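Shown below: start.tsv, with TSV, C-alpha atoms.
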```
chain	number	residue	atom	x	y	z
A	1	MET	CA	95.03	101.88	101.92
A	2	GLU	CA	92.65	98.99	101.49
A	3	ARG	CA	94.33	95.56	101.69
A	4	ILE	CA	93.60	91.90	102.01
A	5	PRO	CA	94.81	90.40	105.32
A	6	ILE	CA	97.30	87.52	105.22
A	7	LEU	CA	97.12	85.29	108.31
A	8	ARG	CA	99.92	83.05	109.52
A	9	MET	CA	98.90	79.64	110.81
A	10	GLY	CA	101.77	77.33	111.75
A	11	GLY	CA	103.87	76.88	108.64
A	12	PHE	CA	101.09	78.09	106.35
A	13	LEU	CA	99.72	81.41	105.15
A	14	LEU	CA	95.99	81.95	104.88
A	15	VAL	CA	94.31	84.48	102.60
A	16	THR	CA	90.56	84.99	102.54
A	17	ILE	CA	89.42	87.25	99.75
A	18	GLN	CA	86.19	88.91	100.83
A	19	VAL	CA	86.00	92.05	98.76
A	20	ASP	CA	85.24	92.82	95.15
A	21	MET	CA	88.86	93.33	94.12
A	22	HIS	CA	89.94	96.15	91.88
A	23	ASP	CA	93.09	95.51	89.88
A	24	ARG	CA	95.46	97.46	92.13
A	25	LEU	CA	94.36	95.45	95.16
A	26	VAL	CA	95.10	92.25	93.25
A	27	THR	CA	98.65	93.42	92.48
A	28	THR	CA	99.21	94.53	96.10
A	29	LEU	CA	98.15	91.11	97.38
A	30	GLN	CA	100.60	89.42	95.04
A	31	ASP	CA	103.48	91.59	96.28
A	32	GLU	CA	102.64	91.20	99.96
A	33	LEU	CA	102.10	87.47	99.76
A	34	THR	CA	105.42	86.72	98.06
A	35	THR	CA	107.24	88.99	100.54
A	36	MET	CA	105.59	87.18	103.43
A	37	ILE	CA	106.46	83.72	102.05
A	38	ALA	CA	110.10	84.74	101.88
A	39	GLN	CA	110.03	86.32	105.36
A	40	THR	CA	108.28	83.49	107.19
A	41	GLY	CA	109.62	80.56	105.19
A	42	ALA	CA	106.02	79.30	104.88
A	43	HIS	CA	105.68	76.05	102.94
A	44	GLY	CA	102.03	76.43	102.09
A	45	VAL	CA	99.57	79.12	100.99
A	46	LEU	CA	95.83	78.67	101.17
A	47	ILE	CA	93.66	81.12	99.24
A	48	ASP	CA	89.95	81.05	100.07
A	49	ILE	CA	87.85	82.52	97.23
A	50	SER	CA	84.44	81.34	98.46
A	51	SER	CA	83.26	84.97	98.73
A	52	LEU	CA	84.17	85.82	95.15
A	53	ASP	CA	81.16	85.84	92.83
A	54	MET	CA	83.30	86.13	89.72
A	55	VAL	CA	86.86	85.43	88.64
A	56	ASP	CA	87.85	87.18	85.43
A	57	SER	CA	91.08	86.73	83.47
A	58	PHE	CA	92.91	89.32	85.60
A	59	ILE	CA	92.10	87.63	88.91
A	60	GLY	CA	92.63	84.21	87.30
A	61	ARG	CA	96.07	85.24	86.15
A	62	MET	CA	96.87	86.60	89.62
A	63	ILE	CA	95.98	83.22	91.16
A	64	GLY	CA	98.14	81.39	88.62
A	65	ASP	CA	101.03	83.83	89.14
A	66	ILE	CA	100.85	83.49	92.94
A	67	ALA	CA	100.98	79.69	92.60
A	68	GLY	CA	103.99	79.94	90.28
A	69	MET	CA	105.86	82.45	92.46
A	70	SER	CA	105.15	80.40	95.60
A	71	ARG	CA	106.51	77.29	93.93
A	72	VAL	CA	109.75	79.07	93.14
A	73	LEU	CA	109.87	80.17	96.81
A	74	ASP	CA	109.39	76.54	97.88
A	75	ALA	CA	105.75	76.87	98.95
A	76	GLU	CA	102.66	75.04	97.74
A	77	THR	CA	99.46	76.99	96.89
A	78	VAL	CA	95.95	75.61	97.22
A	79	VAL	CA	92.89	77.58	96.10
A	80	VAL	CA	89.69	76.62	97.92
A	81	GLY	CA	86.00	77.42	97.83
A	82	MET	CA	85.43	78.28	94.20
A	83	ARG	CA	81.69	78.57	93.56
A	84	PRO	CA	80.28	76.24	90.87
A	85	ALA	CA	78.97	79.17	88.76
A	86	VAL	CA	82.42	80.75	88.91
A	87	ALA	CA	84.07	77.48	87.83
A	88	ILE	CA	81.68	77.10	84.87
A	89	THR	CA	82.30	80.70	83.76
A	90	LEU	CA	86.07	80.50	84.21
A	91	VAL	CA	86.41	77.44	81.97
A	92	GLU	CA	84.10	78.94	79.33
A	93	LEU	CA	86.14	82.13	79.44
A	94	GLY	CA	89.12	79.98	78.49
A	95	LEU	CA	91.05	79.75	81.77
A	96	SER	CA	91.75	76.36	83.30
A	97	LEU	CA	94.05	77.48	86.14
A	98	ALA	CA	96.57	74.88	85.00
A	99	GLY	CA	99.25	74.34	87.61
A	100	VAL	CA	97.05	75.55	90.47
A	101	ARG	CA	95.96	73.02	93.09
A	102	THR	CA	92.36	73.37	94.20
A	103	ALA	CA	90.20	71.90	96.95
A	104	LEU	CA	86.49	72.23	97.67
A	105	ASP	CA	86.81	73.81	101.12
A	106	VAL	CA	89.33	75.11	103.66
A	107	GLU	CA	89.47	71.80	105.55
A	108	LYS	CA	90.31	69.76	102.44
A	109	GLY	CA	92.79	72.43	101.36
A	110	MET	CA	94.59	72.28	104.70
A	111	GLY	CA	94.66	68.50	104.34
A	112	LEU	CA	96.43	68.85	100.98
A	113	LEU	CA	98.99	71.27	102.43
A	114	ARG	CA	99.66	69.01	105.44
A	115	ALA	CA	100.13	65.99	103.17
A	116	ALA	CA	102.57	67.99	101.04
A	117	THR	CA	104.51	68.96	104.19
A	118	ARG	CA	104.66	65.31	105.33
A	119	ARG	CA	106.01	64.29	101.92
A	120	ARG	CA	108.58	67.03	102.13
A	121	LEU	CA	109.73	65.85	105.61
A	122	ALA	CA	109.84	62.22	104.48
A	123	GLU	CA	112.00	63.18	101.50
A	124	ALA	CA	114.31	65.14	103.80
A	125	ASP	CA	114.62	62.04	106.03
A	126	ASP	CA	115.44	59.83	103.05
A	127	GLY	CA	118.15	62.26	102.11
A	128	GLY	CA	119.61	61.89	105.60
A	129	VAL	CA	119.72	58.07	105.37
A	130	GLU	CA	121.53	58.15	102.05
A	131	ARG	CA	124.26	60.24	103.53
B	1	MET	CA	63.73	95.27	70.55
B	2	VAL	CA	62.39	97.52	73.30
B	3	VAL	CA	64.68	99.20	75.81
B	4	SER	CA	62.80	99.51	79.12
B	5	LYS	CA	65.60	101.07	81.16
B	6	ASP	CA	69.07	102.41	80.52
B	7	GLU	CA	72.02	104.01	82.25
B	8	ILE	CA	75.44	105.26	81.19
B	9	MET	CA	78.50	104.74	83.39
B	10	GLU	CA	82.00	106.17	83.05
B	11	ILE	CA	85.03	103.88	82.85
B	12	ARG	CA	88.03	106.10	83.64
B	13	ALA	CA	89.75	104.32	86.56
B	14	SER	CA	90.25	100.81	87.83
B	15	ASP	CA	87.67	101.41	90.59
B	16	HIS	CA	85.09	102.03	87.86
B	17	VAL	CA	85.56	98.47	86.61
B	18	VAL	CA	84.39	97.29	90.05
B	19	LEU	CA	81.40	99.67	89.91
B	20	VAL	CA	80.44	98.35	86.46
B	21	ARG	CA	80.57	94.77	87.79
B	22	GLN	CA	78.34	95.76	90.72
B	23	ALA	CA	75.83	97.52	88.47
B	24	VAL	CA	75.67	94.55	86.08
B	25	ARG	CA	75.13	92.25	89.08
B	26	LYS	CA	72.25	94.43	90.28
B	27	TRP	CA	70.62	94.68	86.84
B	28	SER	CA	70.92	90.98	86.05
B	29	THR	CA	69.43	90.09	89.46
B	30	GLU	CA	66.53	92.46	88.82
B	31	LEU	CA	65.96	90.86	85.42
B	32	GLY	CA	65.70	87.47	87.14
B	33	PHE	CA	68.86	85.91	85.65
B	34	GLY	CA	69.95	82.57	87.10
B	35	LEU	CA	73.21	82.40	89.03
B	36	VAL	CA	75.32	81.02	86.17
B	37	ASP	CA	73.92	83.55	83.67
B	38	GLN	CA	74.59	86.36	86.16
B	39	THR	CA	78.16	85.21	86.68
B	40	LYS	CA	78.75	85.00	82.93
B	41	ILE	CA	77.53	88.51	82.08
B	42	ILE	CA	79.33	90.02	85.12
B	43	THR	CA	82.58	88.34	84.06
B	44	ALA	CA	82.19	89.45	80.43
B	45	ALA	CA	81.45	93.00	81.64
B	46	SER	CA	84.58	92.97	83.79
B	47	GLU	CA	86.75	91.90	80.85
B	48	LEU	CA	85.30	94.48	78.47
B	49	ALA	CA	85.36	97.32	81.02
B	50	ARG	CA	89.04	96.62	81.62
B	51	ASN	CA	89.68	96.60	77.85
B	52	THR	CA	87.92	99.97	77.55
B	53	LEU	CA	90.22	101.33	80.27
B	54	ASP	CA	93.53	99.67	79.35
B	55	TYR	CA	93.38	99.70	75.55
B	56	GLY	CA	90.78	102.39	74.81
B	57	GLY	CA	92.19	104.89	77.30
B	58	GLY	CA	88.84	105.04	79.11
B	59	GLY	CA	85.28	105.38	77.89
B	60	THR	CA	81.74	104.52	78.84
B	61	VAL	CA	79.35	101.63	79.16
B	62	ARG	CA	75.64	101.87	78.49
B	63	LEU	CA	73.46	99.35	80.33
B	64	GLU	CA	70.12	98.51	78.75
B	65	ALA	CA	67.33	96.27	79.99
B	66	VAL	CA	65.88	94.97	76.71
B	67	GLU	CA	62.87	92.97	75.62
B	68	SER	CA	62.31	91.17	72.35
B	69	GLY	CA	59.72	88.57	71.38
B	70	GLY	CA	58.72	88.03	75.00
B	71	ARG	CA	62.33	87.52	76.09
B	72	ARG	CA	64.10	89.76	78.54
B	73	GLY	CA	67.78	90.45	78.45
B	74	LEU	CA	70.64	92.71	79.39
B	75	ARG	CA	72.58	94.60	76.74
B	76	LEU	CA	75.87	96.33	77.45
B	77	ILE	CA	77.54	98.75	75.04
B	78	PHE	CA	81.19	99.59	75.75
B	79	GLU	CA	82.55	102.58	73.88
B	80	ASP	CA	85.91	104.32	73.76
B	81	GLN	CA	87.60	106.94	71.58
B	82	GLY	CA	90.95	105.18	71.77
B	83	PRO	CA	93.35	104.05	69.05
B	84	GLY	CA	91.03	101.34	67.73
B	85	ILE	CA	91.94	97.77	66.83
B	86	VAL	CA	94.10	97.27	63.73
B	87	ASP	CA	93.44	93.55	63.22
B	88	LEU	CA	90.02	92.57	64.60
B	89	GLU	CA	90.33	88.95	63.59
B	90	LYS	CA	93.58	88.59	65.50
B	91	ALA	CA	92.19	90.48	68.50
B	92	LEU	CA	89.38	87.92	68.70
B	93	THR	CA	91.82	85.00	68.78
B	94	ASP	CA	92.41	83.20	72.11
B	95	GLY	CA	95.72	84.16	73.64
B	96	TYR	CA	96.46	87.10	71.35
B	97	THR	CA	97.33	90.34	73.15
B	98	THR	CA	99.17	93.57	72.47
B	99	GLY	CA	99.19	94.35	76.19
B	100	LYS	CA	100.18	92.55	79.35
B	101	GLY	CA	97.01	90.49	79.70
B	102	MET	CA	96.36	86.89	78.79
B	103	GLY	CA	94.57	87.67	75.54
B	104	MET	CA	91.34	86.07	76.74
B	105	GLY	CA	89.28	89.24	77.24
B	106	LEU	CA	87.58	89.66	73.87
B	107	SER	CA	87.47	86.04	72.74
B	108	GLY	CA	86.49	84.82	76.21
B	109	SER	CA	83.70	87.33	76.78
B	110	LYS	CA	82.29	86.48	73.35
B	111	ARG	CA	81.78	82.91	74.59
B	112	LEU	CA	80.01	84.12	77.74
B	113	VAL	CA	77.17	85.97	76.01
B	114	ASN	CA	74.44	85.24	73.46
B	115	GLU	CA	75.16	88.15	71.14
B	116	PHE	CA	78.46	89.87	70.50
B	117	ASP	CA	79.24	92.70	68.12
B	118	ILE	CA	82.38	94.75	67.72
B	119	VAL	CA	83.01	97.83	65.59
B	120	SER	CA	86.45	99.40	65.61
B	121	ARG	CA	88.03	102.15	63.54
B	122	VAL	CA	91.71	102.89	63.76
B	123	GLY	CA	92.24	106.33	65.26
B	124	GLU	CA	88.56	106.71	66.16
B	125	GLY	CA	87.74	104.09	68.76
B	126	THR	CA	85.98	100.84	69.52
B	127	ARG	CA	82.43	99.83	70.37
B	128	VAL	CA	81.61	96.39	71.76
B	129	THR	CA	77.96	95.39	72.22
B	130	ILE	CA	77.01	92.25	74.14
B	131	THR	CA	73.60	90.82	75.04
B	132	ARG	CA	72.69	88.01	77.38
B	133	TRP	CA	69.10	86.78	77.26
B	134	LYS	CA	67.32	85.35	80.24
```
For this file, produce the structure as C-alpha cells.
Amino acid sequence: MERIPILRMGGFLLVTIQVDMHDRLVTTLQDELTTMIAQTGAHGVLIDISSLDMVDSFIGRMIGDIAGMSRVLDAETVVVGMRPAVAITLVELGLSLAGVRTALDVEKGMGLLRAATRRRLAEADDGGVER
Amino acid sequence: MVVSKDEIMEIRASDHVVLVRQAVRKWSTELGFGLVDQTKIITAASELARNTLDYGGGGTVRLEAVESGGRRGLRLIFEDQGPGIVDLEKALTDGYTTGKGMGMGLSGSKRLVNEFDIVSRVGEGTRVTITRWK
C-alpha cells in the first residue's frame, strides 16, 4: 500500500508530503502519525508541504486535526513550506488553519520546535525548584 | 461562448478525485493560467469532485476549454444522479454540512471561480458548473 514516510529525528517526527494525496492516504497518515507520537514520545512534529500544489478543505482539515491530536499527545506541530499560491487559495476557500503553527521553511520550523522544547525543559526545572 | 476542446471524466472512487485535479492542472497550464489562478481552479475542482463522490454517490465531470469575447477560460461541469440538495441556500452557507466535512466545499469553491452555477433536484441529482477566466 502507498504511504507517506514518517522520519524520526531526535525527539521530533518529520513528514514530507511529496505525492498528490487521495483521501485514504490522508487518513492513513493521520493514524500512523498519532500512533508514532504515542510510541516514540516525540514532542514535536514537522510537516513539510512544500511539494503540495494545492490544499483543499479535506487536506486542510487533516492538518488541523493532526495539530489538535498531537497537542493532546503532548507534541507540538509545525507546518512548513506552504507555497504562496496555496496560502492565497486556502484563505479564500475559507480555511485559516487556526491553531496550527506554521513556518516558512524546514530550518525555521525546526527552530520553533527546539524553542518549544527548551521552554518545556525550563518549565520542568522550575517545577523542580518549587518542590 | 465557443468550446474548443472537451473531455468527460468519471468520478466513482477517491483516486478519481486525484485524476480530476491532475487533468485540471494540465488544462489550466495549457490555457496559460497564472499560478494563483491554476491553484484556485484545481482546489475548486477537488472540492466539487469530492462532493460529487461523497454526496452524489459518484458522477462525472466535463472539462471544457472555452472562449468568449477574446477571453479564454476553463469550464468544469460536475454532474451526479444522487439524492439532490434539499436546501440550496443552506448548502451554500459557510460551515453548513450534512456530512463529515467542514462545510466549505460549495461556498468555498464559489469564491475561487469567476462563474458558479448550481442546479439540483431532489431525487434526480445535482449539476455544478464553474468557470475561471484567464
**OP:** Would you kindly report the residues of chain A within 9 Å of chain B, using all atoms listed in the file, as JSON, numbers by chain?
**Re:** {"A": [20, 21, 22, 23, 24, 53, 54, 55, 56, 57, 58, 61, 84, 85, 86, 88, 89, 90, 92, 93, 94, 95]}
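One finds CA of Val20 in chain B at 19.5 Å from CA of Lys134 in chain B.
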Subject >> Expected answer as a PyMOL selection string: all residues with atoms within 12 Å of (97.6, 82.7, 95.6), all atoms listed in the file >> reply: chain A and resi 4+6+13-17+26-34+37+44-49+59-71+75-80+97+99-102
Original post:
Any idea what's packed within 7 Å of Leu63 in chain B, counting only C-alpha atoms, ignoring anything in its chain fewer than 2 positions away? Could you give it as a list in words?
Top reply: Asp6, Glu7, Ile8, Val61, Ala65, Arg75, Leu76 and Ile77 of chain B
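Here CA of Leu52 in chain A and CA of Lys5 in chain B stand 27.8 Å from one another.
Take CA of Thr60 in chain B and CA of Asp80 in chain B: the distance between them is 6.6 Å.
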Could you give me, as a compact mmCIF listing (two decimals) with C-alpha atoms, in the frame of the given file, the residues within 12 Å of Ser68 in chain B, counting all atoms listed in the file and dropping anything in the same chain fewer than 6 positions from it?
```
# COMPACT_ATOMS: atom_id res chain seq x y z
CA MET B 1 63.73 95.27 70.55
CA VAL B 2 62.39 97.52 73.30
CA VAL B 3 64.68 99.20 75.81
CA SER B 4 62.80 99.51 79.12
CA LEU B 74 70.64 92.71 79.39
CA ARG B 75 72.58 94.60 76.74
CA THR B 131 73.60 90.82 75.04
CA ARG B 132 72.69 88.01 77.38
CA TRP B 133 69.10 86.78 77.26
CA LYS B 134 67.32 85.35 80.24
```
Subject >> Nearest to Glu10 in chain B by atom-to-atom distance, counting all atoms listed in the file, from B:Ser120, B:Thr52, B:Thr98, B:Thr126 >> reply: B:Thr52
Please write a file for range 81-128 of chain A, taken from the block I just shared, that holds N, CA and C atoms and is laid out as a PDB file, in the first residue's frame.
```pdb
ATOM      1  N   GLY A  81       6.646  25.334   4.641  1.00  0.00           N
ATOM      2  CA  GLY A  81       6.818  25.296   3.193  1.00  0.00           C
ATOM      3  C   GLY A  81       5.578  25.528   2.350  1.00  0.00           C
ATOM      4  N   MET A  82       4.535  26.104   2.945  1.00  0.00           N
ATOM      5  CA  MET A  82       3.342  26.325   2.127  1.00  0.00           C
ATOM      6  C   MET A  82       3.634  27.331   1.012  1.00  0.00           C
ATOM      7  N   ARG A  83       3.270  26.976  -0.204  1.00  0.00           N
ATOM      8  CA  ARG A  83       3.510  27.877  -1.340  1.00  0.00           C
ATOM      9  C   ARG A  83       2.564  29.077  -1.251  1.00  0.00           C
ATOM     10  N   PRO A  84       3.047  30.257  -1.685  1.00  0.00           N
ATOM     11  CA  PRO A  84       2.192  31.455  -1.628  1.00  0.00           C
ATOM     12  C   PRO A  84       0.834  31.273  -2.314  1.00  0.00           C
ATOM     13  N   ALA A  85       0.817  30.653  -3.508  1.00  0.00           N
ATOM     14  CA  ALA A  85      -0.449  30.471  -4.235  1.00  0.00           C
ATOM     15  C   ALA A  85      -1.403  29.577  -3.440  1.00  0.00           C
ATOM     16  N   VAL A  86      -0.833  28.617  -2.724  1.00  0.00           N
ATOM     17  CA  VAL A  86      -1.650  27.717  -1.905  1.00  0.00           C
ATOM     18  C   VAL A  86      -2.240  28.484  -0.719  1.00  0.00           C
ATOM     19  N   ALA A  87      -1.405  29.356  -0.113  1.00  0.00           N
ATOM     20  CA  ALA A  87      -1.863  30.156   1.024  1.00  0.00           C
ATOM     21  C   ALA A  87      -3.010  31.076   0.610  1.00  0.00           C
ATOM     22  N   ILE A  88      -2.856  31.739  -0.534  1.00  0.00           N
ATOM     23  CA  ILE A  88      -3.890  32.655  -1.042  1.00  0.00           C
ATOM     24  C   ILE A  88      -5.199  31.889  -1.239  1.00  0.00           C
ATOM     25  N   THR A  89      -5.105  30.738  -1.897  1.00  0.00           N
ATOM     26  CA  THR A  89      -6.282  29.933  -2.215  1.00  0.00           C
ATOM     27  C   THR A  89      -6.962  29.400  -0.951  1.00  0.00           C
ATOM     28  N   LEU A  90      -6.146  28.964  -0.010  1.00  0.00           N
ATOM     29  CA  LEU A  90      -6.665  28.377   1.229  1.00  0.00           C
ATOM     30  C   LEU A  90      -7.509  29.389   2.005  1.00  0.00           C
ATOM     31  N   VAL A  91      -7.002  30.613   2.105  1.00  0.00           N
ATOM     32  CA  VAL A  91      -7.717  31.646   2.853  1.00  0.00           C
ATOM     33  C   VAL A  91      -9.004  32.031   2.118  1.00  0.00           C
ATOM     34  N   GLU A  92      -8.922  32.121   0.781  1.00  0.00           N
ATOM     35  CA  GLU A  92     -10.113  32.458   0.004  1.00  0.00           C
ATOM     36  C   GLU A  92     -11.164  31.346   0.093  1.00  0.00           C
ATOM     37  N   LEU A  93     -10.686  30.127   0.177  1.00  0.00           N
ATOM     38  CA  LEU A  93     -11.586  28.985   0.329  1.00  0.00           C
ATOM     39  C   LEU A  93     -12.332  29.070   1.663  1.00  0.00           C
ATOM     40  N   GLY A  94     -11.706  29.739   2.635  1.00  0.00           N
ATOM     41  CA  GLY A  94     -12.376  29.911   3.926  1.00  0.00           C
ATOM     42  C   GLY A  94     -11.693  29.204   5.076  1.00  0.00           C
ATOM     43  N   LEU A  95     -10.497  28.637   4.811  1.00  0.00           N
ATOM     44  CA  LEU A  95      -9.754  27.959   5.881  1.00  0.00           C
ATOM     45  C   LEU A  95      -8.613  28.854   6.342  1.00  0.00           C
ATOM     46  N   SER A  96      -8.439  28.968   7.640  1.00  0.00           N
ATOM     47  CA  SER A  96      -7.345  29.803   8.137  1.00  0.00           C
ATOM     48  C   SER A  96      -6.315  28.978   8.896  1.00  0.00           C
ATOM     49  N   LEU A  97      -6.549  27.670   9.017  1.00  0.00           N
ATOM     50  CA  LEU A  97      -5.665  26.785   9.777  1.00  0.00           C
ATOM     51  C   LEU A  97      -5.426  27.336  11.184  1.00  0.00           C
ATOM     52  N   ALA A  98      -6.485  27.821  11.805  1.00  0.00           N
ATOM     53  CA  ALA A  98      -6.375  28.347  13.164  1.00  0.00           C
ATOM     54  C   ALA A  98      -5.850  27.249  14.086  1.00  0.00           C
ATOM     55  N   GLY A  99      -4.941  27.598  14.952  1.00  0.00           N
ATOM     56  CA  GLY A  99      -4.415  26.620  15.901  1.00  0.00           C
ATOM     57  C   GLY A  99      -3.259  25.809  15.350  1.00  0.00           C
ATOM     58  N   VAL A 100      -2.876  26.073  14.086  1.00  0.00           N
ATOM     59  CA  VAL A 100      -1.742  25.353  13.511  1.00  0.00           C
ATOM     60  C   VAL A 100      -0.557  26.319  13.395  1.00  0.00           C
ATOM     61  N   ARG A 101       0.595  25.924  13.951  1.00  0.00           N
ATOM     62  CA  ARG A 101       1.774  26.778  13.837  1.00  0.00           C
ATOM     63  C   ARG A 101       2.409  26.554  12.480  1.00  0.00           C
ATOM     64  N   THR A 102       2.857  27.635  11.852  1.00  0.00           N
ATOM     65  CA  THR A 102       3.478  27.496  10.540  1.00  0.00           C
ATOM     66  C   THR A 102       4.830  28.202  10.532  1.00  0.00           C
ATOM     67  N   ALA A 103       5.700  27.775   9.628  1.00  0.00           N
ATOM     68  CA  ALA A 103       6.975  28.441   9.426  1.00  0.00           C
ATOM     69  C   ALA A 103       7.271  28.384   7.934  1.00  0.00           C
ATOM     70  N   LEU A 104       8.123  29.307   7.464  1.00  0.00           N
ATOM     71  CA  LEU A 104       8.365  29.387   6.025  1.00  0.00           C
ATOM     72  C   LEU A 104       9.116  28.176   5.481  1.00  0.00           C
ATOM     73  N   ASP A 105      10.121  27.693   6.230  1.00  0.00           N
ATOM     74  CA  ASP A 105      10.876  26.548   5.727  1.00  0.00           C
ATOM     75  C   ASP A 105      11.231  25.580   6.866  1.00  0.00           C
ATOM     76  N   VAL A 106      11.859  24.476   6.499  1.00  0.00           N
ATOM     77  CA  VAL A 106      12.173  23.415   7.462  1.00  0.00           C
ATOM     78  C   VAL A 106      13.064  23.950   8.588  1.00  0.00           C
ATOM     79  N   GLU A 107      14.064  24.777   8.210  1.00  0.00           N
ATOM     80  CA  GLU A 107      15.002  25.278   9.205  1.00  0.00           C
ATOM     81  C   GLU A 107      14.281  26.113  10.274  1.00  0.00           C
ATOM     82  N   LYS A 108      13.422  27.022   9.812  1.00  0.00           N
ATOM     83  CA  LYS A 108      12.689  27.876  10.763  1.00  0.00           C
ATOM     84  C   LYS A 108      11.715  27.034  11.588  1.00  0.00           C
ATOM     85  N   GLY A 109      11.147  26.023  10.960  1.00  0.00           N
ATOM     86  CA  GLY A 109      10.222  25.139  11.666  1.00  0.00           C
ATOM     87  C   GLY A 109      10.919  24.373  12.775  1.00  0.00           C
ATOM     88  N   MET A 110      12.128  23.867  12.458  1.00  0.00           N
ATOM     89  CA  MET A 110      12.902  23.144  13.470  1.00  0.00           C
ATOM     90  C   MET A 110      13.258  24.095  14.614  1.00  0.00           C
ATOM     91  N   GLY A 111      13.554  25.333  14.266  1.00  0.00           N
ATOM     92  CA  GLY A 111      13.867  26.346  15.277  1.00  0.00           C
ATOM     93  C   GLY A 111      12.705  26.521  16.243  1.00  0.00           C
ATOM     94  N   LEU A 112      11.490  26.582  15.694  1.00  0.00           N
ATOM     95  CA  LEU A 112      10.287  26.726  16.527  1.00  0.00           C
ATOM     96  C   LEU A 112      10.132  25.538  17.471  1.00  0.00           C
ATOM     97  N   LEU A 113      10.348  24.322  16.924  1.00  0.00           N
ATOM     98  CA  LEU A 113      10.187  23.117  17.735  1.00  0.00           C
ATOM     99  C   LEU A 113      11.238  23.059  18.844  1.00  0.00           C
ATOM    100  N   ARG A 114      12.492  23.460  18.502  1.00  0.00           N
ATOM    101  CA  ARG A 114      13.563  23.442  19.511  1.00  0.00           C
ATOM    102  C   ARG A 114      13.257  24.437  20.621  1.00  0.00           C
ATOM    103  N   ALA A 115      12.761  25.622  20.225  1.00  0.00           N
ATOM    104  CA  ALA A 115      12.436  26.651  21.228  1.00  0.00           C
ATOM    105  C   ALA A 115      11.337  26.131  22.153  1.00  0.00           C
ATOM    106  N   ALA A 116      10.355  25.437  21.560  1.00  0.00           N
ATOM    107  CA  ALA A 116       9.256  24.898  22.365  1.00  0.00           C
ATOM    108  C   ALA A 116       9.784  23.849  23.350  1.00  0.00           C
ATOM    109  N   THR A 117      10.749  23.049  22.900  1.00  0.00           N
ATOM    110  CA  THR A 117      11.338  22.022  23.767  1.00  0.00           C
ATOM    111  C   THR A 117      12.108  22.671  24.919  1.00  0.00           C
ATOM    112  N   ARG A 118      12.860  23.757  24.596  1.00  0.00           N
ATOM    113  CA  ARG A 118      13.613  24.464  25.648  1.00  0.00           C
ATOM    114  C   ARG A 118      12.665  25.017  26.703  1.00  0.00           C
ATOM    115  N   ARG A 119      11.555  25.594  26.224  1.00  0.00           N
ATOM    116  CA  ARG A 119      10.560  26.152  27.162  1.00  0.00           C
ATOM    117  C   ARG A 119      10.022  25.053  28.068  1.00  0.00           C
ATOM    118  N   ARG A 120       9.767  23.907  27.440  1.00  0.00           N
ATOM    119  CA  ARG A 120       9.215  22.782  28.176  1.00  0.00           C
ATOM    120  C   ARG A 120      10.195  22.342  29.272  1.00  0.00           C
ATOM    121  N   LEU A 121      11.506  22.263  28.931  1.00  0.00           N
ATOM    122  CA  LEU A 121      12.531  21.842  29.892  1.00  0.00           C
ATOM    123  C   LEU A 121      12.660  22.863  31.020  1.00  0.00           C
ATOM    124  N   ALA A 122      12.617  24.156  30.630  1.00  0.00           N
ATOM    125  CA  ALA A 122      12.733  25.222  31.627  1.00  0.00           C
ATOM    126  C   ALA A 122      11.585  25.140  32.623  1.00  0.00           C
ATOM    127  N   GLU A 123      10.372  24.902  32.085  1.00  0.00           N
ATOM    128  CA  GLU A 123       9.199  24.792  32.959  1.00  0.00           C
ATOM    129  C   GLU A 123       9.335  23.599  33.895  1.00  0.00           C
ATOM    130  N   ALA A 124       9.898  22.501  33.385  1.00  0.00           N
ATOM    131  CA  ALA A 124      10.093  21.301  34.200  1.00  0.00           C
ATOM    132  C   ALA A 124      11.079  21.602  35.329  1.00  0.00           C
ATOM    133  N   ASP A 125      12.139  22.387  34.993  1.00  0.00           N
ATOM    134  CA  ASP A 125      13.132  22.782  36.001  1.00  0.00           C
ATOM    135  C   ASP A 125      12.491  23.612  37.104  1.00  0.00           C
ATOM    136  N   ASP A 126      11.688  24.609  36.666  1.00  0.00           N
ATOM    137  CA  ASP A 126      11.002  25.478  37.624  1.00  0.00           C
ATOM    138  C   ASP A 126      10.185  24.639  38.593  1.00  0.00           C
ATOM    139  N   GLY A 127       9.513  23.662  38.035  1.00  0.00           N
ATOM    140  CA  GLY A 127       8.680  22.787  38.854  1.00  0.00           C
ATOM    141  C   GLY A 127       9.530  22.109  39.930  1.00  0.00           C
ATOM    142  N   GLY A 128      10.763  21.730  39.547  1.00  0.00           N
ATOM    143  CA  GLY A 128      11.654  21.052  40.472  1.00  0.00           C
ATOM    144  C   GLY A 128      12.062  21.956  41.627  1.00  0.00           C
TER     145      GLY A 128
END
```
